[in-house]
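Novice: Next comes the structure file target-v7.cif, holding mmCIF, C-alpha atoms.
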data_my_file
loop_
_atom_site.label_atom_id
_atom_site.label_comp_id
_atom_site.auth_asym_id
_atom_site.auth_seq_id
_atom_site.Cartn_x
_atom_site.Cartn_y
_atom_site.Cartn_z
CA MET A 604 114.02 106.22 -3.05
CA LEU A 605 113.23 107.12 0.56
CA ASP A 606 112.60 110.76 -0.42
CA GLU A 607 110.04 109.65 -3.03
CA MET A 608 108.21 107.51 -0.47
CA GLU A 609 108.21 110.34 2.08
CA LYS A 610 106.71 112.70 -0.52
CA ARG A 611 103.94 110.19 -1.30
CA TYR A 612 103.00 109.76 2.37
CA ALA A 613 103.13 113.50 3.03
CA SER A 614 100.66 114.25 0.21
CA PRO A 615 97.17 115.08 1.53
CA GLU A 616 95.61 114.09 -1.82
CA GLU A 617 93.70 110.83 -2.14
CA ASP A 618 95.87 108.34 -3.98
CA THR A 619 93.69 106.17 -6.23
CA TRP A 620 95.31 102.99 -7.50
CA GLN A 621 94.02 100.80 -10.31
CA THR A 622 95.12 97.28 -11.13
CA CYS A 623 94.68 95.28 -14.32
CA ASP A 624 96.21 92.50 -16.46
CA PHE A 625 96.28 89.92 -13.65
CA HIS A 626 97.87 86.58 -14.54
CA TYR A 627 99.00 83.68 -12.40
CA LEU A 628 101.07 80.58 -13.03
CA GLU A 629 101.86 77.66 -10.76
CA ILE A 630 105.66 77.51 -10.92
CA ALA A 631 106.10 74.67 -8.39
CA ALA A 632 103.85 72.76 -6.03
CA GLU A 633 102.06 75.35 -3.86
CA ASN A 634 104.07 78.24 -5.41
CA TYR A 635 102.49 80.77 -7.76
CA LEU A 636 103.83 83.66 -9.81
CA VAL A 637 101.29 86.50 -9.96
CA THR A 638 101.82 89.39 -12.39
CA TYR A 639 99.74 92.53 -12.82
CA THR A 640 99.86 96.19 -13.81
CA LEU A 641 99.51 98.90 -11.15
CA ILE A 642 98.40 102.38 -12.25
CA GLN A 643 99.00 105.23 -9.79
CA GLY A 644 97.95 108.37 -11.65
CA THR A 645 100.57 108.82 -14.37
CA ARG A 646 102.93 106.24 -12.83
CA ILE A 647 102.52 102.74 -14.29
CA THR A 648 104.39 99.70 -13.00
CA ARG A 649 104.42 96.00 -13.82
CA ARG A 650 104.42 93.89 -10.64
CA SER A 651 105.58 90.32 -10.09
CA THR A 652 104.99 88.45 -6.85
CA ILE A 653 105.73 84.85 -5.88
CA TRP A 654 103.28 83.43 -3.35
CA ARG A 655 103.87 80.22 -1.37
CA GLN A 656 101.22 78.19 0.49
CA THR A 657 102.49 77.35 3.98
CA PRO A 658 100.84 75.73 7.00
CA GLN A 659 100.34 79.29 8.36
CA GLY A 660 98.71 80.52 5.13
CA TRP A 661 99.87 82.30 1.96
CA LYS A 662 103.24 84.06 2.18
CA ILE A 663 104.99 86.39 -0.27
CA VAL A 664 108.52 85.10 -0.91
CA TYR A 665 109.46 87.57 -3.67
CA HIS A 666 108.11 90.85 -5.06
CA GLN A 667 109.31 93.26 -7.73
CA GLY A 668 107.83 96.36 -9.35
CA THR A 669 109.24 97.84 -12.56
CA VAL A 670 108.26 101.28 -13.87
CA VAL A 671 106.87 101.25 -17.41
CA GLU A 672 108.55 104.01 -19.42
CA ASN A 673 106.57 106.02 -21.99
CA ALA A 674 103.30 104.29 -21.10
#
Written as structure tokens, how would this file's structure read?
Specialist:
Amino acid sequence: MLDEMEKRYASPEEDTWQTCDFHYLEIAAENYLVTYTLIQGTRITRRSTIWRQTPQGWKIVYHQGTVVENA
């Protein structure tokens, strides 16, 4: 995994990301599940993030990205 990240950062090419299919759901008081699709060239992932409202502002308490095969 680290090698893949190093390759991405070492690339001099502009990396254009697109997002779509945003959805959100309040799963508990002041806690929201946000899902979306991230397109990075030919790599497509589905992302899930749980956000919590705190006195200091919004905080991410969980995040996962799953590669979509044969997109």
Novice: Show me, as a list in words, the residues that have an atom within 6 Å of Ile653 (chain A) when counting all atoms listed in the file, minus same-chain residues fewer than 5 positions from it.
Specialist: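 Within the cut-off, the hits are Tyr635, Leu636, Ile663, Val664 and Tyr665 of chain A.
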Novice: What gap, in Å, lies between CA of Val670 (chain A) and CA of Glu617 (chain A)?
Specialist: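 Answer for the CA of Val670 (chain A) to CA of Glu617 (chain A) separation: 21.0 Å.
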Novice: Which polymer residues, whether protein, DNA or RNA, lie within 12 Å of the coordinate (104.5, 84.0, -7.4) when you count only C-alpha atoms? List them as JSON, numbers by chain, using the chain letters and numbers from the file.
Specialist: {"A": [625, 626, 627, 628, 629, 630, 631, 632, 633, 634, 635, 636, 637, 638, 639, 650, 651, 652, 653, 654, 655, 656, 661, 662, 663, 664, 665, 666, 667]}
Novice: Record the distance separating CA of Thr622 (chain A) and CA of Glu609 (chain A), expressed in Å with one decimal.
Specialist: 22.7 Å
Novice: Provide the CA of Gln621 (chain A) to CA of Leu641 (chain A) distance in Å, to one decimal place.
Specialist: 5.9 Å
Novice: Fewer than 2 positions away in the same chain doesn't count, so skip those; otherwise give me all residues within 12 Å of Thr645 (chain A), counting only C-alpha atoms, as a PyMOL selection string.
Specialist: chain A and resi 618-621+641-643+647-648+670-674
Novice: Using all atoms listed in the file, can you tell me which of A:Arg646, A:Pro658, A:Tyr612, A:Thr640 comes closest to Asp624 (chain A)?
Specialist: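 Nearest candidate to Asp624 (chain A) out of A:Arg646, A:Pro658, A:Tyr612, A:Thr640: A:Thr640.
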